[in-house]
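Chemist: Mind looking over this structure? Questions follow.
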Number of protein chains: 2
Amino acid sequence: MIDQKKIDCVIGIDVGGTNTKIGLVDRAGNIIVNASIETQGEKPFSEFQYRLTTHIQGLLTDNQDTYSFLAVGMGVPDGNFLDGCMHNPPNFSWKNVPIGESFSNSLDLPVVITNDANAAASGEAHFGKGKELDHFVEITLGTGLGSGIYIDGSVLLGSSGHAGEMGHIIVEPEGRKCECGLSGCLEMYVSNKGIMATLDECLKKYPTSELHQYPVDQLSGEEIDLAYDNGDHAAIDCYHLTGELLGKGLATVVSLLSPEAFIFYGGFSNAGSRILSSAEESMNRHVMDVFKQTVLLKESQLKEGSGAILGSAALAWEIVDGKLTIDY
Amino acid sequence: MIDQKKIDCVIGIDVGGTNTKIGLVDRAGNIIVNASIETQGEKPFSEFQYRLTTHIQGLLTDNQDTYSFLAVGMGVPDGNFLDGCMHNPPNFSWKNVPIGESFSNSLDLPVVITNDANAAASGEAHFGKGKELDHFVEITLGTGLGSGIYIDGSVLLGSSGHAGEMGHIIVEPEGRKCECGLSGCLEMYVSNKGIMATLDECLKKYPTSELHQYPVDQLSGEEIDLAYDNGDHAAIDCYHLTGELLGKGLATVVSLLSPEAFIFYGGFSNAGSRILSSAEESMNRHVMDVFKQTVLLKESQLKEGSGAILGSAALAWEIVDGKLTIDY
């Protein structure tokens, strides 16, 4: 029974390769309590389940006088909303784990599962720049490129639950080899690792670049941004090529989906217009007239690192409100 | 008032570049009466409106003892469901015509507007192979390549109403110049005109091809199919190249939308597995493992030429049943 004097709250969880972050989130999207444990994906899943359950139960006990906890949302790598499972996540020893059902049992609360990219889209839709949009695509930048497609007010799952793999549309036929087995995937160019590979190529063309003073694998985004602002040709070429290919990928999505906006979250999205202005120009050059200048490119203002927690929490609120139903 | 003894019926209209076809369609998708007038898009829209209205009123009078006519669906080039307008259709002297509102006034019935490709998708969903599918993409082949995207049981319109322009995703960077202004669009390879251009190239490689006996621009699909079946290298290369590029386009859509199936309607879809088996192999080669072998390629069984009428009629039925609302 819900105690009416307490404040309703959900639990948003972001299971990452290294750490698992936990947030107690109110209806307005405030993260009231933050916590984190090591994921240790190389150990058995049951071990993770035990540690996370124990940690969450501790948080709930500590906060039980003030808050009522109604549901749990979990953003997990290769997580599938439809069946509540993780499917062979890379860098984990876990295979097809029914993570939704497992935590629903151990926490005795409804648990909804999503993947990181879709979680960020849900967070954006409920608490960020997607609030007033019906059709947008959230692009989550990090080591790779994730995307969550929001159509008519909900995340597109597709028949398999895996829709929204924009990072793996092919923008350079016969291009760089991707870990997924394909060649020329967008994320091989438009992601942290993609930019570093491009920068490495650009630095070979410009032996006097100021960026030669650092080893490429130790360069930060801020250092490249600064070099770009100083007119460094290697940095400029690198960001322009990144923007050009990003724009091609965006154009494909625009032709198919006609969204109102793309929202960029994390990673090099801090480079902002340095990359996004080239991307916007390229996007408009690669679409039919009817789509030109119809799509906005926005930078997310969700706090770095909180997108998946807020998005998972947003889905948990949808469960609480009866807008979503799950059967795992 | 609806006379209960009469059979409920809607009017499906397919406005083409040359002819405008009219069908009186019952709830099961039977076309009870077929008619056609010349479109004459070079003349003013008001002239077309007068002729089509007069013709339809004649049909309604002829059938008024048996049928009650409840709504009208119109599939029109560059038609937009959201505003009921045609937007600068090529080969028409009409510019931004509020065709929905115009015919709603002249026929005194609700009129819903869609474009040809979305109409075919609606027809497939209601009366064809899409009946049991929640997520599919209808690919309409003809001079060009149109597509209608069906997601969670309804056509995807996007924020502009123009979503689903799969014919204009770029599959060959720096490839053939398209009328839309872009280069390398899918429809420059996968459409009647695309196949003819590819065949022309293949015939140059194979001077002994049996297809040299005809001028390329007079070859029918059946003649190319026959040459393919006879092992003619020009025909085989042409269809394989077409399938390869079609597969690349399908792969992009699968990565983004994860549909259950693609359904092919019209044009060279009669070539069937001659093209579609290459396309399926190419599609599976250009997607991540999680999508391989998850998507079916089907040939529509809607009668050639009836897809847009049935689809427009399907939308009209949705208006009648209150599943769709329009405000034009």
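Ligands are numbered from 1 in the order shown, chains are lettered A, B, ... in the order of the structure tokens, and residues start at 1 in each chain.
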Residues of chain A within 8 Å of chain B, counting only C-alpha atoms - could you list those as a count of residues only?

Modeler: 35

Chemist: Write out as a VMD selection string all residues of region 78-108 of chain B that backbone DSSP assigns to helix (DSSP H, G or I).

Modeler: chain B and resid 99 to 107

Chemist: Find the residues around Ile195 (chain A) up to 10 Å (only C-alpha atoms counted), leave out those fewer than 6 positions away in its own chain, and share them as a PDB file with N, CA, C and O atoms, in the first residue's frame.

Modeler:
ATOM      1  N   THR A 143      32.140   5.808 -26.627  1.00  0.00           N
ATOM      2  CA  THR A 143      33.053   4.975 -27.416  1.00  0.00           C
ATOM      3  C   THR A 143      32.400   4.671 -28.757  1.00  0.00           C
ATOM      4  O   THR A 143      33.041   4.720 -29.806  1.00  0.00           O
ATOM      5  N   GLU A 187      29.255   4.553 -36.784  1.00  0.00           N
ATOM      6  CA  GLU A 187      29.972   4.721 -35.515  1.00  0.00           C
ATOM      7  C   GLU A 187      31.479   4.556 -35.654  1.00  0.00           C
ATOM      8  O   GLU A 187      32.218   4.934 -34.737  1.00  0.00           O
ATOM      9  N   MET A 188      31.955   4.032 -36.786  1.00  0.00           N
ATOM     10  CA  MET A 188      33.397   3.951 -36.992  1.00  0.00           C
ATOM     11  C   MET A 188      33.981   5.324 -37.344  1.00  0.00           C
ATOM     12  O   MET A 188      35.198   5.498 -37.446  1.00  0.00           O
ATOM     13  N   TYR A 189      33.099   6.311 -37.561  1.00  0.00           N
ATOM     14  CA  TYR A 189      33.531   7.673 -37.897  1.00  0.00           C
ATOM     15  C   TYR A 189      33.009   8.682 -36.881  1.00  0.00           C
ATOM     16  O   TYR A 189      33.684   9.658 -36.573  1.00  0.00           O
ATOM     17  N   GLU A 201      44.579  10.035 -38.941  1.00  0.00           N
ATOM     18  CA  GLU A 201      44.791  10.203 -40.385  1.00  0.00           C
ATOM     19  C   GLU A 201      45.106  11.659 -40.729  1.00  0.00           C
ATOM     20  O   GLU A 201      45.993  11.949 -41.535  1.00  0.00           O
ATOM     21  N   GLY A 221      38.892  15.584 -25.697  1.00  0.00           N
ATOM     22  CA  GLY A 221      38.034  16.367 -26.581  1.00  0.00           C
ATOM     23  C   GLY A 221      38.320  17.858 -26.444  1.00  0.00           C
ATOM     24  O   GLY A 221      38.326  18.587 -27.434  1.00  0.00           O
ATOM     25  N   ALA A 235      42.830  19.472 -36.700  1.00  0.00           N
ATOM     26  CA  ALA A 235      41.585  19.463 -35.918  1.00  0.00           C
ATOM     27  C   ALA A 235      40.398  19.865 -36.788  1.00  0.00           C
ATOM     28  O   ALA A 235      39.315  19.269 -36.718  1.00  0.00           O
ATOM     29  N   CYS A 238      39.566  17.096 -39.263  1.00  0.00           N
ATOM     30  CA  CYS A 238      38.988  15.966 -38.518  1.00  0.00           C
ATOM     31  C   CYS A 238      37.520  16.225 -38.186  1.00  0.00           C
ATOM     32  O   CYS A 238      36.648  15.397 -38.437  1.00  0.00           O
ATOM     33  N   TYR A 239      37.214  17.407 -37.647  1.00  0.00           N
ATOM     34  CA  TYR A 239      35.834  17.701 -37.277  1.00  0.00           C
ATOM     35  C   TYR A 239      34.948  17.868 -38.513  1.00  0.00           C
ATOM     36  O   TYR A 239      33.775  17.479 -38.491  1.00  0.00           O
ATOM     37  N   LEU A 241      35.321  16.357 -41.461  1.00  0.00           N
ATOM     38  CA  LEU A 241      35.046  15.026 -42.014  1.00  0.00           C
ATOM     39  C   LEU A 241      34.026  14.292 -41.142  1.00  0.00           C
ATOM     40  O   LEU A 241      33.101  13.641 -41.639  1.00  0.00           O
ATOM     41  N   THR A 242      34.174  14.422 -39.834  1.00  0.00           N
ATOM     42  CA  THR A 242      33.212  13.808 -38.907  1.00  0.00           C
ATOM     43  C   THR A 242      31.808  14.363 -39.153  1.00  0.00           C
ATOM     44  O   THR A 242      30.829  13.610 -39.232  1.00  0.00           O
ATOM     45  N   PHE A 268      31.494  13.552 -27.704  1.00  0.00           N
ATOM     46  CA  PHE A 268      32.000  14.766 -28.329  1.00  0.00           C
ATOM     47  C   PHE A 268      30.889  15.762 -28.608  1.00  0.00           C
ATOM     48  O   PHE A 268      31.128  16.767 -29.262  1.00  0.00           O
TER      49      PHE A 268
END

Chemist: What is the distance, in Å and to one decimal place, between CA of Gly311 (chain A) and CA of Ala120 (chain A)?

Modeler: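 Here the two named atoms are 5.2 Å from each other.
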
Chemist: For each of B:Trp94, B:Asp65, B:Ala316, B:Gly267, take the minimum atom-to-atom distance to Gly146 (chain B), counting only C-alpha atoms, then give the residue where this is smallest.

Modeler: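 Checking each of B:Trp94, B:Asp65, B:Ala316, B:Gly267 against Gly146 (chain B), counting only C-alpha atoms, the winner is B:Gly267.
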
Chemist: Can you pull out the residues contacting Ser273 (chain B)? Cut-off 10 Å, using only C-alpha atoms, and skip same-chain residues under 4 positions away; I want them as a ChimeraX atom specification.

Modeler: /B:239,243,269,277-280,297-299

Chemist: For each of B:Ala271, B:Asn63, B:Cys202, B:Gly41, take the minimum atom-to-atom distance to Glu223 (chain B), counting only C-alpha atoms, then give the residue where this is smallest.

Modeler: B:Ala271

Chemist: May I ask which of the residues A:Ser102, A:Ser312, A:Thr140, A:Ser306 is the closest one to Asn34 (chain A), counting only C-alpha atoms?

Modeler: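 Using only C-alpha atoms, the shortest distance to Asn34 (chain A) belongs to A:Ser306.
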
Chemist: Work out how far CA of Ser46 (chain B) is from CA of Leu315 (chain B), in Å to one decimal.

Modeler: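 Between CA of Leu315 (chain B) and CA of Ser46 (chain B) the gap works out to 24.5 Å.
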
Chemist: Rank A:Cys9, A:Lys177, A:Ile275, A:Leu219 by their smallest atom-to-atom distance to Thr66 (chain A), using only C-alpha atoms, and report the top residue only.

Modeler: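 Closest to Thr66 (chain A) of all the choices is A:Cys9.
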
Chemist: Might you pull out every residue within 12 Å of Ile13 (chain B), with only C-alpha atoms counted and same-chain residues fewer than 3 positions away left off, and present them as number ranges by chain?

Modeler: B: 10, 16, 19-25, 31, 33-37, 39, 52-53, 55-56, 71-77, 100, 103, 111-116, 119-120, 305-316

Chemist: Running DSSP on the backbone, which parts of region 242-289 of chain B land in strand (DSSP E), as a count of residues only?

Modeler: 5
